[in-house]
file model_1.cif (mmCIF, C-alpha atoms)
data_my_file
#
loop_
_atom_site.group_PDB
_atom_site.id
_atom_site.type_symbol
_atom_site.label_atom_id
_atom_site.label_comp_id
_atom_site.auth_asym_id
_atom_site.auth_seq_id
_atom_site.Cartn_x
_atom_site.Cartn_y
_atom_site.Cartn_z
ATOM 1 C CA MET A 9 -60.096 82.253 57.501
ATOM 2 C CA LEU A 10 -62.345 80.570 54.921
ATOM 3 C CA LYS A 11 -62.271 83.711 52.775
ATOM 4 C CA LYS A 12 -58.483 83.438 52.598
ATOM 5 C CA ILE A 13 -58.442 79.709 51.862
ATOM 6 C CA PHE A 14 -61.118 79.693 49.144
ATOM 7 C CA PRO A 15 -59.228 81.772 46.529
ATOM 8 C CA VAL A 16 -56.118 79.612 46.947
ATOM 9 C CA PHE A 17 -58.176 76.432 46.641
ATOM 10 C CA PHE A 18 -59.946 77.790 43.564
ATOM 11 C CA VAL A 19 -56.654 78.638 41.836
ATOM 12 C CA LEU A 20 -55.224 75.192 42.614
ATOM 13 C CA LEU A 21 -58.389 73.538 41.297
ATOM 14 C CA LEU A 22 -58.193 75.476 38.026
ATOM 15 C CA ALA A 23 -54.504 74.588 37.638
ATOM 16 C CA PHE A 24 -55.292 70.904 38.186
ATOM 17 C CA LEU A 25 -58.144 70.926 35.683
ATOM 18 C CA TRP A 26 -56.013 72.711 33.076
ATOM 19 C CA THR A 27 -53.194 70.189 33.467
ATOM 20 C CA ALA A 28 -55.576 67.240 33.253
ATOM 21 C CA ASN A 29 -57.302 68.640 30.176
ATOM 22 C CA SER A 30 -53.966 69.239 28.462
ATOM 23 C CA PHE A 31 -53.927 65.513 27.762
ATOM 24 C CA ALA A 32 -57.381 64.198 28.460
ATOM 25 C CA CYS A 33 -59.398 64.463 25.272
ATOM 26 C CA VAL A 34 -62.308 62.200 26.137
ATOM 27 C CA GLY A 35 -62.502 59.214 23.833
ATOM 28 C CA ARG A 36 -59.410 60.264 21.895
ATOM 29 C CA THR A 37 -56.744 57.681 21.118
ATOM 30 C CA LEU A 38 -53.254 58.596 19.940
ATOM 31 C CA TYR A 39 -51.751 56.442 17.201
ATOM 32 C CA VAL A 40 -48.030 55.848 16.801
ATOM 33 C CA GLY A 41 -47.182 54.946 13.217
ATOM 34 C CA SER A 42 -44.329 52.513 12.706
ATOM 35 C CA LEU A 43 -42.647 50.454 10.037
ATOM 36 C CA ASP A 44 -42.653 46.722 10.707
ATOM 37 C CA THR A 45 -38.933 46.497 11.549
ATOM 38 C CA THR A 46 -37.204 45.492 14.764
ATOM 39 C CA GLU A 47 -35.736 48.955 15.315
ATOM 40 C CA ASP A 48 -39.028 50.766 14.717
ATOM 41 C CA LYS A 49 -40.987 48.341 16.894
ATOM 42 C CA VAL A 50 -38.707 48.989 19.874
ATOM 43 C CA LEU A 51 -38.967 52.781 19.553
ATOM 44 C CA ALA A 52 -42.707 52.735 18.890
ATOM 45 C CA GLN A 53 -43.289 50.680 22.031
ATOM 46 C CA MET A 54 -41.201 53.157 24.031
ATOM 47 C CA LEU A 55 -43.377 56.043 22.881
ATOM 48 C CA VAL A 56 -46.580 54.152 23.626
ATOM 49 C CA LEU A 57 -45.492 53.103 27.110
ATOM 50 C CA LEU A 58 -44.077 56.483 28.041
ATOM 51 C CA ILE A 59 -47.159 58.449 26.964
ATOM 52 C CA ASN A 60 -49.572 55.971 28.505
ATOM 53 C CA GLU A 61 -47.756 55.637 31.829
ATOM 54 C CA ARG A 62 -47.078 59.361 32.189
ATOM 55 C CA THR A 63 -50.469 60.708 31.058
ATOM 56 C CA GLY A 64 -53.038 57.915 31.101
ATOM 57 C CA THR A 65 -53.764 58.584 27.432
ATOM 58 C CA THR A 66 -54.725 55.562 25.324
ATOM 59 C CA VAL A 67 -52.007 54.997 22.732
ATOM 60 C CA LYS A 68 -51.903 52.328 20.019
ATOM 61 C CA ILE A 69 -49.420 51.349 17.318
ATOM 62 C CA ARG A 70 -50.284 51.106 13.641
ATOM 63 C CA TYR A 71 -47.759 49.308 11.432
ATOM 64 C CA PHE A 72 -47.130 50.254 7.803
ATOM 65 C CA ASP A 73 -45.291 48.543 4.970
ATOM 66 C CA ASN A 74 -43.320 51.549 3.720
ATOM 67 C CA ASN A 75 -42.572 55.226 4.259
ATOM 68 C CA GLU A 76 -45.146 56.373 1.716
ATOM 69 C CA ALA A 77 -47.957 54.645 3.607
ATOM 70 C CA LEU A 78 -46.586 55.987 6.885
ATOM 71 C CA TYR A 79 -46.595 59.587 5.683
ATOM 72 C CA ASN A 80 -50.026 59.217 4.106
ATOM 73 C CA ALA A 81 -51.297 58.181 7.540
ATOM 74 C CA LEU A 82 -49.792 61.355 9.028
ATOM 75 C CA LYS A 83 -52.018 63.392 6.670
ATOM 76 C CA GLU A 84 -55.159 61.442 7.585
ATOM 77 C CA ASN A 85 -57.881 62.676 9.894
ATOM 78 C CA ASP A 86 -59.845 59.439 9.662
ATOM 79 C CA GLU A 87 -59.746 57.632 13.029
ATOM 80 C CA GLU A 88 -59.344 54.287 11.243
ATOM 81 C CA LYS A 89 -56.326 55.307 9.168
ATOM 82 C CA ARG A 90 -54.347 58.071 10.798
ATOM 83 C CA ALA A 91 -51.009 58.244 12.589
ATOM 84 C CA ASP A 92 -50.285 61.043 15.055
ATOM 85 C CA ILE A 93 -46.661 60.333 15.945
ATOM 86 C CA ILE A 94 -43.836 58.526 14.138
ATOM 87 C CA VAL A 95 -40.100 58.075 14.549
ATOM 88 C CA GLU A 96 -37.985 59.411 11.700
ATOM 89 C CA ASN A 97 -34.291 59.774 10.920
ATOM 90 C CA THR A 98 -32.589 62.654 9.162
ATOM 91 C CA ASN A 99 -31.321 60.570 6.229
ATOM 92 C CA ASP A 100 -34.821 59.443 5.240
ATOM 93 C CA ALA A 101 -36.137 62.951 5.906
ATOM 94 C CA LEU A 102 -33.624 64.475 3.485
ATOM 95 C CA ALA A 103 -34.562 61.873 0.870
ATOM 96 C CA LEU A 104 -38.246 62.742 1.276
ATOM 97 C CA LEU A 105 -37.491 66.446 0.954
ATOM 98 C CA LYS A 106 -35.132 65.767 -1.983
ATOM 99 C CA LYS A 107 -32.390 67.727 -0.232
ATOM 100 C CA PRO A 108 -28.636 66.997 -0.121
ATOM 101 C CA GLN A 109 -26.770 66.430 3.138
ATOM 102 C CA PRO A 110 -26.070 70.016 4.321
ATOM 103 C CA GLY A 111 -23.129 69.281 6.621
ATOM 104 C CA ASP A 112 -22.775 67.882 10.116
ATOM 105 C CA LEU A 113 -25.558 66.036 11.927
ATOM 106 C CA ASP A 114 -26.599 69.017 14.044
ATOM 107 C CA GLN A 115 -26.968 71.183 10.977
ATOM 108 C CA THR A 116 -28.896 68.433 9.203
ATOM 109 C CA TYR A 117 -31.272 68.055 12.135
ATOM 110 C CA ARG A 118 -31.934 71.813 12.271
ATOM 111 C CA GLN A 119 -32.641 71.914 8.539
ATOM 112 C CA VAL A 120 -35.099 69.025 8.457
ATOM 113 C CA LYS A 121 -36.768 70.323 11.634
ATOM 114 C CA GLU A 122 -37.410 73.720 10.016
ATOM 115 C CA LEU A 123 -38.509 72.308 6.657
ATOM 116 C CA TYR A 124 -40.814 69.673 8.123
ATOM 117 C CA GLU A 125 -42.586 72.260 10.254
ATOM 118 C CA SER A 126 -42.992 74.820 7.463
ATOM 119 C CA GLU A 127 -43.781 72.430 4.595
ATOM 120 C CA LEU A 128 -45.412 69.397 6.233
ATOM 121 C CA GLY A 129 -46.813 70.653 9.529
ATOM 122 C CA LEU A 130 -44.788 68.050 11.418
ATOM 123 C CA ILE A 131 -42.784 68.885 14.528
ATOM 124 C CA TRP A 132 -39.456 67.192 15.252
ATOM 125 C CA LEU A 133 -38.858 66.664 18.956
ATOM 126 C CA ASN A 134 -35.407 66.151 20.487
ATOM 127 C CA PRO A 135 -33.256 63.280 19.131
ATOM 128 C CA PHE A 136 -32.934 59.988 21.014
ATOM 129 C CA GLY A 137 -29.140 60.105 20.978
ATOM 130 C CA PHE A 138 -28.010 57.178 18.832
ATOM 131 C CA LYS A 139 -26.452 57.837 15.408
ATOM 132 C CA HIS A 140 -26.263 54.357 13.902
ATOM 133 C CA GLY A 141 -25.990 53.811 10.100
ATOM 134 C CA THR A 142 -29.002 52.822 8.002
ATOM 135 C CA GLY A 143 -27.296 50.011 6.088
ATOM 136 C CA ASP A 144 -24.561 52.084 4.477
ATOM 137 C CA GLU A 145 -22.959 53.037 7.799
ATOM 138 C CA GLN A 146 -23.818 56.700 7.248
ATOM 139 C CA GLN A 147 -24.666 58.368 10.526
ATOM 140 C CA THR A 148 -28.162 59.730 11.079
ATOM 141 C CA VAL A 149 -30.219 61.325 13.846
ATOM 142 C CA SER A 150 -33.549 59.816 14.901
ATOM 143 C CA ALA A 151 -36.340 61.556 16.809
ATOM 144 C CA PRO A 152 -40.115 61.503 17.343
ATOM 145 C CA LEU A 153 -42.244 63.500 14.886
ATOM 146 C CA VAL A 154 -45.639 64.795 15.943
ATOM 147 C CA ARG A 155 -48.463 66.345 13.960
ATOM 148 C CA ARG A 156 -48.936 70.038 14.751
ATOM 149 C CA ASP A 157 -52.636 69.581 15.541
ATOM 150 C CA VAL A 158 -51.772 66.859 18.053
ATOM 151 C CA LEU A 159 -49.510 69.262 19.933
ATOM 152 C CA THR A 160 -52.389 71.755 20.044
ATOM 153 C CA ASN A 161 -54.542 69.168 21.810
ATOM 154 C CA TYR A 162 -51.681 67.720 23.886
ATOM 155 C CA PRO A 163 -49.384 70.679 24.688
ATOM 156 C CA LEU A 164 -47.428 68.776 27.336
ATOM 157 C CA LEU A 165 -46.570 65.904 24.980
ATOM 158 C CA PRO A 166 -43.108 67.255 24.051
ATOM 159 C CA ARG A 167 -42.144 67.401 27.733
ATOM 160 C CA VAL A 168 -43.075 63.736 28.116
ATOM 161 C CA LEU A 169 -41.408 62.450 24.945
ATOM 162 C CA ASN A 170 -38.308 64.574 25.390
ATOM 163 C CA LYS A 171 -37.444 62.482 28.433
ATOM 164 C CA LEU A 172 -35.952 60.143 25.813
ATOM 165 C CA ALA A 173 -33.750 62.921 24.407
ATOM 166 C CA GLY A 174 -30.139 61.791 24.479
ATOM 167 C CA ALA A 175 -31.104 58.765 26.572
ATOM 168 C CA ILE A 176 -30.286 56.049 24.024
ATOM 169 C CA ASN A 177 -26.731 55.780 22.739
ATOM 170 C CA ASP A 178 -25.599 53.457 19.952
ATOM 171 C CA GLU A 179 -24.510 50.684 22.286
ATOM 172 C CA THR A 180 -27.807 50.734 24.184
ATOM 173 C CA PHE A 181 -29.874 50.758 20.997
ATOM 174 C CA SER A 182 -27.907 47.822 19.587
ATOM 175 C CA THR A 183 -28.478 45.898 22.824
ATOM 176 C CA LEU A 184 -32.227 46.591 22.803
ATOM 177 C CA THR A 185 -32.717 45.558 19.186
ATOM 178 C CA ALA A 186 -30.530 42.461 19.650
ATOM 179 C CA LYS A 187 -32.814 41.300 22.459
ATOM 180 C CA VAL A 188 -35.840 41.538 20.181
ATOM 181 C CA LYS A 189 -34.033 39.712 17.366
ATOM 182 C CA ASP A 190 -33.244 36.972 19.903
ATOM 183 C CA GLY A 191 -36.950 36.498 20.589
ATOM 184 C CA GLU A 192 -37.907 38.933 23.355
ATOM 185 C CA LYS A 193 -41.069 40.979 22.818
ATOM 186 C CA PRO A 194 -40.468 44.639 21.855
ATOM 187 C CA GLN A 195 -42.938 45.760 24.518
ATOM 188 C CA ASN A 196 -41.022 43.949 27.275
ATOM 189 C CA VAL A 197 -37.636 45.192 26.087
ATOM 190 C CA SER A 198 -38.871 48.772 25.913
ATOM 191 C CA LYS A 199 -40.590 48.571 29.294
ATOM 192 C CA ASP A 200 -37.456 47.203 30.980
ATOM 193 C CA PHE A 201 -35.405 50.057 29.521
ATOM 194 C CA LEU A 202 -37.873 52.754 30.594
ATOM 195 C CA ARG A 203 -38.083 51.320 34.101
ATOM 196 C CA ALA A 204 -34.304 51.082 34.407
ATOM 197 C CA LYS A 205 -34.098 54.777 33.468
ATOM 198 C CA LYS A 206 -36.960 55.555 35.899
ATOM 199 C CA PHE A 207 -38.959 57.130 33.084
ATOM 200 C CA ILE A 208 -42.011 55.097 34.097
#

call {"tool": "encode", "arguments": {"input": "model_1.cif", "output": "C-alpha coordinates"}}
result
Amino acid sequence: MLKKIFPVFFVLLLAFLWTANSFACVGRTLYVGSLDTTEDKVLAQMLVLLINERTGTTVKIRYFDNNEALYNALKENDEEKRADIIVENTNDALALLKKPQPGDLDQTYRQVKELYESELGLIWLNPFGFKHGTGDEQQTVSAPLVRRDVLTNYPLLPRVLNKLAGAINDETFSTLTAKVKDGEKPQNVSKDFLRAKKFI
(Lines of atoms letter the chains of each structure in order from A and count residues from 1; the text may use other names and numbers.)
(Lines give C-alpha, C1' and ligand atoms only; values in the text may rest on other atoms or scores of the structure.)
Protein backbone atom coordinates (compact mmCIF):
# COMPACT_ATOMS: atom_id res chain seq x y z
CA MET A 1 0.00 0.00 0.00
CA LEU A 2 2.80 2.42 0.93
CA LYS A 3 4.56 1.68 -2.36
CA LYS A 4 1.46 2.84 -4.23
CA ILE A 5 0.95 5.97 -2.13
CA PHE A 6 4.55 7.21 -2.17
CA PRO A 7 4.81 7.94 -5.93
CA VAL A 8 1.53 9.87 -5.86
CA PHE A 9 2.66 11.85 -2.82
CA PHE A 10 6.01 12.58 -4.45
CA VAL A 11 4.38 13.89 -7.64
CA LEU A 12 2.00 16.11 -5.64
CA LEU A 13 4.92 17.45 -3.59
CA LEU A 14 6.88 18.34 -6.73
CA ALA A 15 3.83 20.05 -8.24
CA PHE A 16 3.35 22.09 -5.06
CA LEU A 17 7.00 23.13 -4.93
CA TRP A 18 6.99 24.11 -8.61
CA THR A 19 3.88 26.25 -8.16
CA ALA A 20 5.28 27.93 -5.06
CA ASN A 21 8.61 28.64 -6.74
CA SER A 22 6.87 30.12 -9.77
CA PHE A 23 6.34 33.22 -7.66
CA ALA A 24 8.54 32.90 -4.62
CA CYS A 25 11.90 34.42 -5.44
CA VAL A 26 13.34 34.77 -1.96
CA GLY A 27 14.00 38.38 -1.07
CA ARG A 28 12.68 39.64 -4.40
CA THR A 29 10.29 42.58 -4.45
CA LEU A 30 8.22 43.52 -7.49
CA TYR A 31 7.89 47.22 -8.26
CA VAL A 32 4.88 48.74 -10.00
CA GLY A 33 5.82 51.98 -11.72
CA SER A 34 3.16 54.68 -11.83
CA LEU A 35 2.67 58.30 -12.73
CA ASP A 36 1.47 60.47 -9.85
CA THR A 37 -2.08 60.90 -11.18
CA THR A 38 -5.40 59.82 -9.69
CA GLU A 39 -6.10 57.35 -12.49
CA ASP A 40 -2.65 55.74 -12.33
CA LYS A 41 -2.71 55.53 -8.53
CA VAL A 42 -5.98 53.58 -8.57
CA LEU A 43 -4.73 51.07 -11.16
CA ALA A 44 -1.30 50.71 -9.54
CA GLN A 45 -2.91 49.91 -6.20
CA MET A 46 -5.10 47.28 -7.88
CA LEU A 47 -2.04 45.54 -9.31
CA VAL A 48 -0.21 45.65 -5.99
CA LEU A 49 -3.14 44.28 -4.00
CA LEU A 50 -4.02 41.59 -6.52
CA ILE A 51 -0.46 40.25 -6.82
CA ASN A 52 0.17 40.41 -3.09
CA GLU A 53 -3.12 38.81 -2.04
CA ARG A 54 -3.01 36.10 -4.71
CA THR A 55 0.69 35.15 -4.46
CA GLY A 56 2.15 36.51 -1.23
CA THR A 57 4.79 38.35 -3.25
CA THR A 58 5.97 41.68 -1.84
CA VAL A 59 4.93 44.44 -4.23
CA LYS A 60 5.62 48.17 -3.92
CA ILE A 61 4.73 51.24 -5.98
CA ARG A 62 7.28 53.70 -7.31
CA TYR A 63 5.92 57.02 -8.58
CA PHE A 64 7.48 58.95 -11.46
CA ASP A 65 7.02 62.47 -12.76
CA ASN A 66 6.73 61.65 -16.46
CA ASN A 67 6.68 58.87 -19.03
CA GLU A 68 10.38 59.20 -19.82
CA ALA A 69 11.33 58.51 -16.21
CA LEU A 70 8.82 55.66 -16.08
CA TYR A 71 10.27 53.94 -19.14
CA ASN A 72 13.83 54.49 -17.95
CA ALA A 73 12.88 52.62 -14.78
CA LEU A 74 11.60 49.72 -16.91
CA LYS A 75 15.12 49.38 -18.38
CA GLU A 76 16.80 49.43 -14.96
CA ASN A 77 18.14 46.39 -13.16
CA ASP A 78 19.14 48.38 -10.09
CA GLU A 79 16.91 47.40 -7.14
CA GLU A 80 16.73 51.05 -6.04
CA LYS A 81 15.54 52.41 -9.39
CA ARG A 82 13.70 49.81 -11.41
CA ALA A 83 10.06 49.23 -12.30
CA ASP A 84 8.84 45.76 -13.25
CA ILE A 85 5.22 46.47 -14.18
CA ILE A 86 3.40 49.60 -15.37
CA VAL A 87 0.00 50.47 -16.78
CA GLU A 88 0.02 51.93 -20.28
CA ASN A 89 -2.55 53.03 -22.85
CA THR A 90 -2.39 52.58 -26.59
CA ASN A 91 -2.41 56.31 -27.40
CA ASP A 92 0.74 56.98 -25.36
CA ALA A 93 2.29 53.77 -26.69
CA LEU A 94 1.81 54.90 -30.29
CA ALA A 95 3.33 58.28 -29.44
CA LEU A 96 6.36 56.57 -27.91
CA LEU A 97 6.76 54.35 -30.96
CA LYS A 98 6.16 57.34 -33.28
CA LYS A 99 3.44 55.40 -35.09
CA PRO A 100 0.12 56.68 -36.47
CA GLN A 101 -3.23 55.30 -35.33
CA PRO A 102 -3.59 52.13 -37.48
CA GLY A 103 -7.37 51.76 -37.29
CA ASP A 104 -9.79 50.46 -34.68
CA LEU A 105 -8.84 49.91 -31.04
CA ASP A 106 -8.38 46.15 -31.39
CA GLN A 107 -6.00 46.62 -34.28
CA THR A 108 -4.13 49.32 -32.37
CA TYR A 109 -3.76 47.07 -29.34
CA ARG A 110 -2.42 44.19 -31.45
CA GLN A 111 0.11 46.48 -33.13
CA VAL A 112 1.51 48.01 -29.96
CA LYS A 113 1.56 44.58 -28.29
CA GLU A 114 3.70 43.14 -31.10
CA LEU A 115 6.01 46.15 -31.36
CA TYR A 116 6.56 46.50 -27.62
CA GLU A 117 7.52 42.85 -27.32
CA SER A 118 9.88 42.84 -30.31
CA GLU A 119 11.46 46.28 -29.81
CA LEU A 120 11.27 46.94 -26.06
CA GLY A 121 11.02 43.52 -24.44
CA LEU A 122 7.78 44.52 -22.73
CA ILE A 123 4.71 42.29 -22.69
CA TRP A 124 1.20 43.74 -22.88
CA LEU A 125 -1.32 41.74 -20.87
CA ASN A 126 -5.08 41.84 -21.50
CA PRO A 127 -6.82 45.26 -21.40
CA PHE A 128 -8.81 46.37 -18.35
CA GLY A 129 -11.90 47.17 -20.41
CA PHE A 130 -12.40 50.93 -20.16
CA LYS A 131 -11.78 53.12 -23.22
CA HIS A 132 -11.96 56.63 -21.77
CA GLY A 133 -10.35 59.64 -23.55
CA THR A 134 -7.01 61.08 -22.44
CA GLY A 135 -8.09 64.73 -22.44
CA ASP A 136 -9.04 64.97 -26.11
CA GLU A 137 -11.85 62.42 -25.82
CA GLN A 138 -10.02 60.02 -28.13
CA GLN A 139 -10.62 56.45 -27.08
CA THR A 140 -7.70 54.33 -25.90
CA VAL A 141 -7.06 50.88 -24.45
CA SER A 142 -5.19 50.48 -21.15
CA ALA A 143 -3.47 47.35 -19.87
CA PRO A 144 -0.64 46.18 -17.60
CA LEU A 145 2.85 45.95 -19.15
CA VAL A 146 5.40 43.57 -17.71
CA ARG A 147 9.11 43.18 -18.34
CA ARG A 148 9.95 39.95 -20.17
CA ASP A 149 12.49 38.90 -17.53
CA VAL A 150 9.86 39.32 -14.81
CA LEU A 151 7.58 36.87 -16.60
CA THR A 152 10.47 34.39 -16.74
CA ASN A 153 10.75 34.54 -12.95
CA TYR A 154 6.99 34.79 -12.35
CA PRO A 155 5.36 32.69 -15.11
CA LEU A 156 1.94 32.68 -13.44
CA LEU A 157 1.78 36.48 -13.19
CA PRO A 158 -0.29 36.93 -16.38
CA ARG A 159 -2.95 34.56 -15.03
CA VAL A 160 -3.22 36.67 -11.88
CA LEU A 161 -3.26 40.09 -13.55
CA ASN A 162 -5.56 38.99 -16.35
CA LYS A 163 -8.32 38.60 -13.77
CA LEU A 164 -8.74 42.35 -14.36
CA ALA A 165 -9.20 41.84 -18.11
CA GLY A 166 -12.48 43.40 -19.17
CA ALA A 167 -13.46 43.89 -15.53
CA ILE A 168 -13.45 47.70 -15.47
CA ASN A 169 -15.79 49.56 -17.81
CA ASP A 170 -15.82 53.33 -18.30
CA GLU A 171 -18.56 53.95 -15.76
CA THR A 172 -16.80 51.89 -13.09
CA PHE A 173 -13.45 53.56 -13.73
CA SER A 174 -15.02 57.02 -13.51
CA THR A 175 -16.66 56.06 -10.21
CA LEU A 176 -13.39 54.74 -8.75
CA THR A 177 -11.36 57.80 -9.72
CA ALA A 178 -14.12 60.15 -8.51
CA LYS A 179 -13.94 58.56 -5.07
CA VAL A 180 -10.22 59.25 -4.87
CA LYS A 181 -10.68 62.84 -6.06
CA ASP A 182 -13.27 63.23 -3.28
CA GLY A 183 -10.67 62.27 -0.69
CA GLU A 184 -10.74 58.48 -0.37
CA LYS A 185 -7.38 56.69 -0.40
CA PRO A 186 -6.54 54.90 -3.68
CA GLN A 187 -5.61 51.76 -1.75
CA ASN A 188 -9.03 51.61 -0.06
CA VAL A 189 -10.93 52.29 -3.28
CA SER A 190 -9.00 49.62 -5.14
CA LYS A 191 -9.36 47.09 -2.33
CA ASP A 192 -13.13 47.62 -2.13
CA PHE A 193 -13.42 47.06 -5.89
CA LEU A 194 -11.31 43.88 -5.86
CA ARG A 195 -13.27 42.48 -2.93
CA ALA A 196 -16.61 43.29 -4.56
CA LYS A 197 -15.44 41.37 -7.65
CA LYS A 198 -14.15 38.54 -5.41
CA PHE A 199 -10.69 38.88 -6.93
CA ILE A 200 -9.15 38.94 -3.45

call {"tool": "closest_atom_pairs", "arguments": {"input": "model_1.cif", "of": "segment 31-145 of chain A", "to": "segment 175-191 of chain A", "cutoff": "8 Å", "atoms": "all atoms listed in the file", "output": "Markdown table"}}
result
| residue | atom | partner | partner_atom | distance |
| --- | --- | --- | --- | --- |
| A:Thr46 | CA | A:Thr185 | CA | 6.3 |
| A:Glu47 | CA | A:Thr185 | CA | 6.0 |
| A:Val50 | CA | A:Thr185 | CA | 6.9 |
| A:Phe136 | CA | A:Ile176 | CA | 5.6 |
| A:Gly137 | CA | A:Ile176 | CA | 5.2 |
| A:Phe138 | CA | A:Asn177 | CA | 4.3 |
| A:Lys139 | CA | A:Asp178 | CA | 6.4 |
| A:His140 | CA | A:Asp178 | CA | 6.2 |

call {"tool": "resolve_selection", "arguments": {"input": "model_1.cif", "expression": "the PyMOL selection byres ((chain A and resi 41-44) around 9)", "output": "list in words"}}
result
Tyr39, Val40, Thr45, Thr46, Glu47, Asp48, Lys49, Leu51, Ala52, Lys68, Ile69, Arg70, Tyr71, Phe72, Asp73, Asn74, Asn75, Leu78, Tyr79, Ala81, Leu82, Arg90, Ala91, Asp92, Ile93, Ile94 and Val95 of chain A

call {"tool": "closest_residue", "arguments": {"input": "model_1.cif", "among": "A:Asn97, A:Val149, A:Leu38, A:Ala77", "to": "Leu55 of chain A", "atoms": "only C-alpha atoms"}}
result
A:Leu38

call {"tool": "resolve_selection", "arguments": {"input": "model_1.cif", "expression": "the PyMOL selection byres ((chain A and resi 165) around 12)", "output": "number ranges by chain"}}
result
A: 27, 30-32, 38, 55-56, 58-60, 62-65, 92-93, 131, 133, 152-164, 166-171

call {"tool": "write_last_selection", "arguments": {"input": "model_1.cif", "atoms": "C-alpha atoms", "output": "mmCIF file, keeping the file's coordinate frame"}}
result
data_model
loop_
_atom_site.group_PDB
_atom_site.id
_atom_site.type_symbol
_atom_site.label_atom_id
_atom_site.label_comp_id
_atom_site.auth_asym_id
_atom_site.auth_seq_id
_atom_site.Cartn_x
_atom_site.Cartn_y
_atom_site.Cartn_z
ATOM 1 C CA THR A 27 -53.194 70.189 33.467
ATOM 2 C CA SER A 30 -53.966 69.239 28.462
ATOM 3 C CA PHE A 31 -53.927 65.513 27.762
ATOM 4 C CA ALA A 32 -57.381 64.198 28.460
ATOM 5 C CA LEU A 38 -53.254 58.596 19.940
ATOM 6 C CA LEU A 55 -43.377 56.043 22.881
ATOM 7 C CA VAL A 56 -46.580 54.152 23.626
ATOM 8 C CA LEU A 58 -44.077 56.483 28.041
ATOM 9 C CA ILE A 59 -47.159 58.449 26.964
ATOM 10 C CA ASN A 60 -49.572 55.971 28.505
ATOM 11 C CA ARG A 62 -47.078 59.361 32.189
ATOM 12 C CA THR A 63 -50.469 60.708 31.058
ATOM 13 C CA GLY A 64 -53.038 57.915 31.101
ATOM 14 C CA THR A 65 -53.764 58.584 27.432
ATOM 15 C CA ASP A 92 -50.285 61.043 15.055
ATOM 16 C CA ILE A 93 -46.661 60.333 15.945
ATOM 17 C CA ILE A 131 -42.784 68.885 14.528
ATOM 18 C CA LEU A 133 -38.858 66.664 18.956
ATOM 19 C CA PRO A 152 -40.115 61.503 17.343
ATOM 20 C CA LEU A 153 -42.244 63.500 14.886
ATOM 21 C CA VAL A 154 -45.639 64.795 15.943
ATOM 22 C CA ARG A 155 -48.463 66.345 13.960
ATOM 23 C CA ARG A 156 -48.936 70.038 14.751
ATOM 24 C CA ASP A 157 -52.636 69.581 15.541
ATOM 25 C CA VAL A 158 -51.772 66.859 18.053
ATOM 26 C CA LEU A 159 -49.510 69.262 19.933
ATOM 27 C CA THR A 160 -52.389 71.755 20.044
ATOM 28 C CA ASN A 161 -54.542 69.168 21.810
ATOM 29 C CA TYR A 162 -51.681 67.720 23.886
ATOM 30 C CA PRO A 163 -49.384 70.679 24.688
ATOM 31 C CA LEU A 164 -47.428 68.776 27.336
ATOM 32 C CA PRO A 166 -43.108 67.255 24.051
ATOM 33 C CA ARG A 167 -42.144 67.401 27.733
ATOM 34 C CA VAL A 168 -43.075 63.736 28.116
ATOM 35 C CA LEU A 169 -41.408 62.450 24.945
ATOM 36 C CA ASN A 170 -38.308 64.574 25.390
ATOM 37 C CA LYS A 171 -37.444 62.482 28.433
#

call {"tool": "resolve_selection", "arguments": {"input": "model_1.cif", "expression": "the PyMOL selection byres ((chain A and resi 101-107) around 12)", "output": "PDB file with C-alpha atoms, in the coordinates of the input"}}
result
ATOM      1  CA  ASN A  75     -42.572  55.226   4.259  1.00  0.00           C
ATOM      2  CA  GLU A  76     -45.146  56.373   1.716  1.00  0.00           C
ATOM      3  CA  TYR A  79     -46.595  59.587   5.683  1.00  0.00           C
ATOM      4  CA  VAL A  95     -40.100  58.075  14.549  1.00  0.00           C
ATOM      5  CA  GLU A  96     -37.985  59.411  11.700  1.00  0.00           C
ATOM      6  CA  ASN A  97     -34.291  59.774  10.920  1.00  0.00           C
ATOM      7  CA  THR A  98     -32.589  62.654   9.162  1.00  0.00           C
ATOM      8  CA  ASN A  99     -31.321  60.570   6.229  1.00  0.00           C
ATOM      9  CA  ASP A 100     -34.821  59.443   5.240  1.00  0.00           C
ATOM     10  CA  PRO A 108     -28.636  66.997  -0.121  1.00  0.00           C
ATOM     11  CA  GLN A 109     -26.770  66.430   3.138  1.00  0.00           C
ATOM     12  CA  PRO A 110     -26.070  70.016   4.321  1.00  0.00           C
ATOM     13  CA  GLY A 111     -23.129  69.281   6.621  1.00  0.00           C
ATOM     14  CA  LEU A 113     -25.558  66.036  11.927  1.00  0.00           C
ATOM     15  CA  THR A 116     -28.896  68.433   9.203  1.00  0.00           C
ATOM     16  CA  TYR A 117     -31.272  68.055  12.135  1.00  0.00           C
ATOM     17  CA  ARG A 118     -31.934  71.813  12.271  1.00  0.00           C
ATOM     18  CA  GLN A 119     -32.641  71.914   8.539  1.00  0.00           C
ATOM     19  CA  VAL A 120     -35.099  69.025   8.457  1.00  0.00           C
ATOM     20  CA  LYS A 121     -36.768  70.323  11.634  1.00  0.00           C
ATOM     21  CA  GLU A 122     -37.410  73.720  10.016  1.00  0.00           C
ATOM     22  CA  LEU A 123     -38.509  72.308   6.657  1.00  0.00           C
ATOM     23  CA  TYR A 124     -40.814  69.673   8.123  1.00  0.00           C
ATOM     24  CA  SER A 126     -42.992  74.820   7.463  1.00  0.00           C
ATOM     25  CA  GLU A 127     -43.781  72.430   4.595  1.00  0.00           C
ATOM     26  CA  LEU A 128     -45.412  69.397   6.233  1.00  0.00           C
ATOM     27  CA  LEU A 130     -44.788  68.050  11.418  1.00  0.00           C
ATOM     28  CA  TRP A 132     -39.456  67.192  15.252  1.00  0.00           C
ATOM     29  CA  THR A 148     -28.162  59.730  11.079  1.00  0.00           C
ATOM     30  CA  VAL A 149     -30.219  61.325  13.846  1.00  0.00           C
ATOM     31  CA  SER A 150     -33.549  59.816  14.901  1.00  0.00           C
ATOM     32  CA  ALA A 151     -36.340  61.556  16.809  1.00  0.00           C
ATOM     33  CA  LEU A 153     -42.244  63.500  14.886  1.00  0.00           C
TER      34      LEU A 153
END

call {"tool": "axis_aligned_box", "arguments": {"input": "model_1.cif", "around": "segment 93-105 of chain A", "padding_each_side": "3 Å", "output": "AutoDock Vina command-line options"}}
result
--center_x -39.0 --center_y 62.3 --center_z 8.4 --size_x 21.3 --size_y 14.4 --size_z 21.1

call {"tool": "atom_distance", "arguments": {"input": "model_1.cif", "atom1": "atom CA of Gln115 of chain A", "atom2": "atom CA of Met54 of chain A"}}
result
26.4 Å

call {"tool": "atom_distance", "arguments": {"input": "model_1.cif", "atom1": "atom CA of Ile208 of chain A", "atom2": "atom CA of Leu172 of chain A"}}
result
11.4 Å

call {"tool": "atom_distance", "arguments": {"input": "model_1.cif", "atom1": "atom CA of Thr66 of chain A", "atom2": "atom CA of Asn196 of chain A"}}
result
18.1 Å
